[in-house]
Amino acid sequence: MKHGEYGTTYIWQRPDWPVWRYDLRRLAGPLAEVSQLQGRLLGRLSDVGMVLRSEASLVALTDDVVKTSAIEGEQLDVASVRSSVARRLGVDAGALAPVDRHVEGVVAMVLDATLDAHATLTAERLQAWHTALFPTGYSNLTRLRVGAWRDDATGPMQVVSGPMHRHKVHYEAPPAVCLDVEMTRFLEWANADTGEPALIKAALAHLWFVTLHPFDDGNGRMARAVGDLFLARADDSPQRFYSLSAEIQRRRSAYYDVLERTQKGSLEVDEWLTWFLATLRDAIAAAQVSLDGVLAKARFWRHWASTPMNPRQVKLVNRLLDGFEGKLTSGKWAAIAKSSTDTALRDINELIALGMLRRAEGGGRSTSYELAPVEPDQVPGTESVDRRTKPMAHPTRPIDR
């Protein structure tokens, strides 16, 4: 048996590879909890109108695209991602931001994985994702073998950290010469009815793909897209309402740690499956909070639908609805709206007079402002939501190789 650096044995080097072993009885509780949460979220969404379901899906998919790149330390422009997702979904998202080729590629991969989840997963499909991720054929200044399995021309595929002269090897993938056989075996399993619970299969697909690391770069993002494909199959829904990548990004260090332990361990993968299910549980719980925000925003604009507002006011109100960080002062209003302070104060005072905005309590030396609450109505969803632009907030960088 060949060993990795300093005698490390990786799971793909074990004689029983790839016979995954896990204790389904120990995982029964977490599986039931996640399934229940999935059902509760989808049930809640079935009670709202199509427009609000589309908005919730747009929020989740935008978050997924932004955060799967953020895990690798790459910060995408949120407005561009949102615009790209909205265009592809045919969702009215107000004013659309310009989109670059790189954003379009990540969006194309994530949407193909999730919206066309039941289509067969093939080598050609994975290679098309890779081509979309790297439209220029480069990752930074490094020329890649795009849309084809890696050839290890520059040495073995390793996940490393630290400076070049004394880097630490966290993982070494199977040699390129094995990839045709390994990927054929993986894809046969992926497309077969292999008997695992659907959520277990999603976790194993994610782990198996990232263990093979079949491409020169982008393997982390693609592994998460593969996992999302199987999660979409488990949901049996053409729309996505939660983002596992967003939750992984929140616990990125733990993600890399559990992957490293698993890839250097035996083929007993209970720890990985337990971690995956706990992270998925929290992702679905976060989606409930996100849905609350979508519904509150829709309720707000229904209430104020007939109120005339200028574009600056619409922009700033949406910023507040999306969760403005810190306190909104007239100075911040002027900076964001690109207006004078006098114009900002005039905008603010108009909204205060209408009852839409109010002065925040305990503002200190600078007066700050917040939205006046809108009482919940009796209807959880409606088709007549006033679509007044919606930017978002977010982003955040180890290794995707």
# chains A, B, ... in the order shown; residues from 1 in each chain; ligands from 1
>>> residues_around(residues="Arg221 in chain A", least_positions_apart="6", cutoff="9 Å", atoms="only C-alpha atoms", output="VMD selection string")
chain A and resid 68 to 69 71 to 72 106 400
>>> select_by_dssp(residues="range 126-344 of chain A", states="alpha helix (DSSP H)", output="VMD selection string")
chain A and resid 126 to 133 179 to 191 198 to 212 219 to 235 244 to 250 252 to 263 270 to 303 311 to 321 330 to 337 341 to 344
>>> select_by_dssp(residues="range 65-232 of chain A", states="strand (DSSP E)", output="PyMOL selection string")
chain A and resi 138-139+142-143+158-161+168-172
>>> write_last_selection(atoms="N, CA and C atoms", output="PDB file, in the first residue's frame")
ATOM      1  N   TYR A 138      -7.874  30.360 -16.208  1.00  0.00           N
ATOM      2  CA  TYR A 138      -6.882  30.656 -15.169  1.00  0.00           C
ATOM      3  C   TYR A 138      -7.554  30.739 -13.806  1.00  0.00           C
ATOM      4  N   SER A 139      -6.799  30.406 -12.776  1.00  0.00           N
ATOM      5  CA  SER A 139      -7.154  30.699 -11.396  1.00  0.00           C
ATOM      6  C   SER A 139      -6.084  31.648 -10.892  1.00  0.00           C
ATOM      7  N   THR A 142      -2.526  31.278 -12.376  1.00  0.00           N
ATOM      8  CA  THR A 142      -2.186  29.881 -12.669  1.00  0.00           C
ATOM      9  C   THR A 142      -3.048  29.336 -13.799  1.00  0.00           C
ATOM     10  N   ARG A 143      -2.382  28.832 -14.829  1.00  0.00           N
ATOM     11  CA  ARG A 143      -3.090  28.225 -15.952  1.00  0.00           C
ATOM     12  C   ARG A 143      -3.637  26.869 -15.513  1.00  0.00           C
ATOM     13  N   GLN A 158      -2.349  18.253  -3.705  1.00  0.00           N
ATOM     14  CA  GLN A 158      -2.313  18.343  -2.251  1.00  0.00           C
ATOM     15  C   GLN A 158      -3.082  19.574  -1.775  1.00  0.00           C
ATOM     16  N   VAL A 159      -3.701  19.436  -0.615  1.00  0.00           N
ATOM     17  CA  VAL A 159      -4.301  20.572   0.078  1.00  0.00           C
ATOM     18  C   VAL A 159      -3.303  20.992   1.137  1.00  0.00           C
ATOM     19  N   VAL A 160      -2.805  22.223   1.023  1.00  0.00           N
ATOM     20  CA  VAL A 160      -1.724  22.669   1.900  1.00  0.00           C
ATOM     21  C   VAL A 160      -2.056  24.021   2.513  1.00  0.00           C
ATOM     22  N   SER A 161      -1.340  24.365   3.566  1.00  0.00           N
ATOM     23  CA  SER A 161      -1.434  25.705   4.145  1.00  0.00           C
ATOM     24  C   SER A 161      -0.046  26.119   4.599  1.00  0.00           C
ATOM     25  N   LYS A 168       2.303  23.021   5.276  1.00  0.00           N
ATOM     26  CA  LYS A 168       1.767  21.814   5.898  1.00  0.00           C
ATOM     27  C   LYS A 168       0.816  21.136   4.917  1.00  0.00           C
ATOM     28  N   VAL A 169       1.003  19.830   4.712  1.00  0.00           N
ATOM     29  CA  VAL A 169       0.118  19.067   3.840  1.00  0.00           C
ATOM     30  C   VAL A 169      -1.032  18.517   4.678  1.00  0.00           C
ATOM     31  N   HIS A 170      -2.235  18.980   4.367  1.00  0.00           N
ATOM     32  CA  HIS A 170      -3.417  18.501   5.088  1.00  0.00           C
ATOM     33  C   HIS A 170      -3.996  17.253   4.434  1.00  0.00           C
ATOM     34  N   TYR A 171      -3.805  17.141   3.125  1.00  0.00           N
ATOM     35  CA  TYR A 171      -4.417  16.015   2.409  1.00  0.00           C
ATOM     36  C   TYR A 171      -3.745  15.859   1.057  1.00  0.00           C
ATOM     37  N   GLU A 172      -3.612  14.618   0.610  1.00  0.00           N
ATOM     38  CA  GLU A 172      -3.115  14.335  -0.741  1.00  0.00           C
ATOM     39  C   GLU A 172      -4.126  13.436  -1.441  1.00  0.00           C
TER      40      GLU A 172
END
>>> closest_residue(among="A:Phe324, A:Trp275, A:Phe230, A:Trp149", to="Arg251 in chain A", atoms="only C-alpha atoms")
A:Trp275
>>> residues_around(residues="Leu45 in chain A", least_positions_apart="3", cutoff="10 Å", atoms="only C-alpha atoms", output="list in words")
Gly39, Arg40, Leu41, Leu42, Val48, Gly49, Met50, Leu52, Arg53, Ala56, Phe241, Gln288, Leu291, Pro380 and Gly381 of chain A
>>> residues_around(residues="Arg88 in chain A", least_positions_apart="3", cutoff="12 Å", atoms="only C-alpha atoms", output="list in words")
Ser54, Leu58, Leu61, Thr62, Val81, Arg82, Ser83, Ser84, Val85, Val91, Asp92, Ala93, Glu104, Val107, Ala108, Met109, Val110, Leu111, Asp112 and Leu115 of chain A
>>> write_last_selection(atoms="C-alpha atoms", output="PDB file, in the first residue's frame")
ATOM      1  CA  SER A  54     -39.633  32.911  -5.544  1.00  0.00           C
ATOM      2  CA  LEU A  58     -33.754  33.964  -4.685  1.00  0.00           C
ATOM      3  CA  LEU A  61     -29.619  30.749  -3.902  1.00  0.00           C
ATOM      4  CA  THR A  62     -27.867  34.116  -3.747  1.00  0.00           C
ATOM      5  CA  VAL A  81     -24.903  37.465  -7.844  1.00  0.00           C
ATOM      6  CA  ARG A  82     -28.476  38.374  -7.001  1.00  0.00           C
ATOM      7  CA  SER A  83     -28.999  39.903 -10.444  1.00  0.00           C
ATOM      8  CA  SER A  84     -27.580  36.829 -12.166  1.00  0.00           C
ATOM      9  CA  VAL A  85     -29.743  34.437 -10.123  1.00  0.00           C
ATOM     10  CA  VAL A  91     -37.724  36.703 -10.917  1.00  0.00           C
ATOM     11  CA  ASP A  92     -38.420  40.446 -10.768  1.00  0.00           C
ATOM     12  CA  ALA A  93     -35.654  41.781  -8.508  1.00  0.00           C
ATOM     13  CA  GLU A 104     -22.196  33.965 -14.065  1.00  0.00           C
ATOM     14  CA  VAL A 107     -24.337  30.881 -10.573  1.00  0.00           C
ATOM     15  CA  ALA A 108     -24.668  28.575 -13.596  1.00  0.00           C
ATOM     16  CA  MET A 109     -23.074  25.685 -11.663  1.00  0.00           C
ATOM     17  CA  VAL A 110     -25.167  26.126  -8.509  1.00  0.00           C
ATOM     18  CA  LEU A 111     -28.424  26.496 -10.423  1.00  0.00           C
ATOM     19  CA  ASP A 112     -27.717  23.530 -12.682  1.00  0.00           C
ATOM     20  CA  LEU A 115     -32.759  23.198 -10.261  1.00  0.00           C
TER      21      LEU A 115
END
>>> residues_around(residues="Leu27 in chain A", least_positions_apart="4", cutoff="12 Å", atoms="only C-alpha atoms", output="PyMOL selection string")
chain A and resi 22-23+31-34+197+199-200+269-278
>>> residues_around(residues="range 204-214 of chain A", least_positions_apart="6", cutoff="10 Å", atoms="only C-alpha atoms", output="PDB file with C-alpha atoms, in the first residue's frame")
ATOM      1  CA  TYR A  10      -5.568   8.369   3.382  1.00  0.00           C
ATOM      2  CA  ILE A  11      -8.946   6.731   3.084  1.00  0.00           C
ATOM      3  CA  TRP A  12      -8.608   6.172  -0.666  1.00  0.00           C
ATOM      4  CA  PRO A  18     -14.712   2.996  -1.013  1.00  0.00           C
ATOM      5  CA  TRP A  20     -18.360   3.565   3.572  1.00  0.00           C
ATOM      6  CA  LEU A 126     -19.075  18.010 -13.999  1.00  0.00           C
ATOM      7  CA  GLN A 127     -16.542  19.134 -16.595  1.00  0.00           C
ATOM      8  CA  ALA A 148     -10.932  17.860 -17.811  1.00  0.00           C
ATOM      9  CA  TRP A 149      -9.630  15.737 -14.960  1.00  0.00           C
ATOM     10  CA  ARG A 150      -6.287  16.955 -13.597  1.00  0.00           C
ATOM     11  CA  ASP A 151      -3.092  15.333 -14.927  1.00  0.00           C
ATOM     12  CA  MET A 157      -2.689  17.164  -5.839  1.00  0.00           C
ATOM     13  CA  GLN A 158      -2.313  18.343  -2.251  1.00  0.00           C
ATOM     14  CA  VAL A 159      -4.301  20.572   0.078  1.00  0.00           C
ATOM     15  CA  TYR A 171      -4.417  16.015   2.409  1.00  0.00           C
ATOM     16  CA  GLU A 172      -3.115  14.335  -0.741  1.00  0.00           C
ATOM     17  CA  ALA A 173      -5.606  13.158  -3.365  1.00  0.00           C
ATOM     18  CA  PRO A 174      -5.435   9.967  -5.461  1.00  0.00           C
ATOM     19  CA  PRO A 175      -2.961  10.148  -8.388  1.00  0.00           C
ATOM     20  CA  ALA A 176      -4.368  11.450 -11.673  1.00  0.00           C
ATOM     21  CA  CYS A 178      -6.530   6.637 -11.101  1.00  0.00           C
ATOM     22  CA  LEU A 179      -9.154   9.269 -11.873  1.00  0.00           C
ATOM     23  CA  ASP A 180     -10.898   7.632 -14.824  1.00  0.00           C
ATOM     24  CA  GLU A 182     -12.367   6.432  -9.574  1.00  0.00           C
ATOM     25  CA  MET A 183     -14.745   8.922 -11.188  1.00  0.00           C
ATOM     26  CA  PHE A 186     -18.302   7.485  -8.099  1.00  0.00           C
ATOM     27  CA  LEU A 187     -20.723   8.394 -10.899  1.00  0.00           C
ATOM     28  CA  TRP A 189     -22.894   5.065  -7.355  1.00  0.00           C
ATOM     29  CA  ALA A 190     -24.262   8.618  -7.671  1.00  0.00           C
ATOM     30  CA  GLU A 196     -28.863   4.936   1.626  1.00  0.00           C
ATOM     31  CA  ALA A 198     -31.273  10.531   0.824  1.00  0.00           C
ATOM     32  CA  GLY A 220     -14.382  22.522  -2.828  1.00  0.00           C
ATOM     33  CA  ARG A 221     -17.072  24.541  -4.610  1.00  0.00           C
ATOM     34  CA  MET A 222     -17.896  21.603  -6.862  1.00  0.00           C
ATOM     35  CA  ALA A 223     -18.124  19.162  -3.941  1.00  0.00           C
ATOM     36  CA  ARG A 224     -20.633  21.457  -2.269  1.00  0.00           C
ATOM     37  CA  ALA A 225     -22.596  21.730  -5.533  1.00  0.00           C
ATOM     38  CA  VAL A 226     -22.642  17.916  -5.770  1.00  0.00           C
ATOM     39  CA  GLY A 227     -23.894  17.750  -2.191  1.00  0.00           C
ATOM     40  CA  ASP A 228     -26.552  20.365  -2.988  1.00  0.00           C
ATOM     41  CA  LEU A 229     -27.689  18.294  -5.968  1.00  0.00           C
ATOM     42  CA  PHE A 230     -28.408  15.362  -3.669  1.00  0.00           C
ATOM     43  CA  LEU A 259     -12.754  16.689   6.481  1.00  0.00           C
ATOM     44  CA  GLU A 260      -9.061  16.286   7.315  1.00  0.00           C
ATOM     45  CA  THR A 262     -12.135  11.851   8.012  1.00  0.00           C
ATOM     46  CA  GLN A 263      -9.770  11.680   5.033  1.00  0.00           C
ATOM     47  CA  VAL A 269     -17.562   8.055   8.679  1.00  0.00           C
ATOM     48  CA  TRP A 272     -18.526  13.385   9.163  1.00  0.00           C
ATOM     49  CA  LEU A 273     -22.173  12.372   8.827  1.00  0.00           C
ATOM     50  CA  PHE A 276     -23.000  17.273   8.130  1.00  0.00           C
ATOM     51  CA  ASP A 400     -10.454  25.179  -3.019  1.00  0.00           C
ATOM     52  CA  ARG A 401      -7.839  23.147  -4.787  1.00  0.00           C
TER      53      ARG A 401
END
>>> decode(residues="range 255-278 of chain A", atoms="C-alpha atoms", output="compact mmCIF listing (two decimals), in the first residue's frame")
# COMPACT_ATOMS: atom_id res chain seq x y z
CA TYR A 255 -15.48 22.01 8.20
CA TYR A 256 -11.84 21.72 7.14
CA ASP A 257 -10.93 19.99 10.40
CA VAL A 258 -13.59 17.29 10.14
CA LEU A 259 -12.75 16.69 6.48
CA GLU A 260 -9.06 16.29 7.31
CA ARG A 261 -9.75 13.85 10.18
CA THR A 262 -12.13 11.85 8.01
CA GLN A 263 -9.77 11.68 5.03
CA LYS A 264 -6.96 10.44 7.30
CA GLY A 265 -9.16 7.99 9.18
CA SER A 266 -10.88 4.70 8.43
CA LEU A 267 -13.93 4.31 6.25
CA GLU A 268 -16.13 4.62 9.34
CA VAL A 269 -17.56 8.06 8.68
CA ASP A 270 -20.02 8.61 11.53
CA GLU A 271 -18.21 11.80 12.62
CA TRP A 272 -18.53 13.38 9.16
CA LEU A 273 -22.17 12.37 8.83
CA THR A 274 -23.03 13.69 12.29
CA TRP A 275 -21.30 17.00 11.52
CA PHE A 276 -23.00 17.27 8.13
CA LEU A 277 -26.47 16.63 9.56
CA ALA A 278 -25.97 19.12 12.42
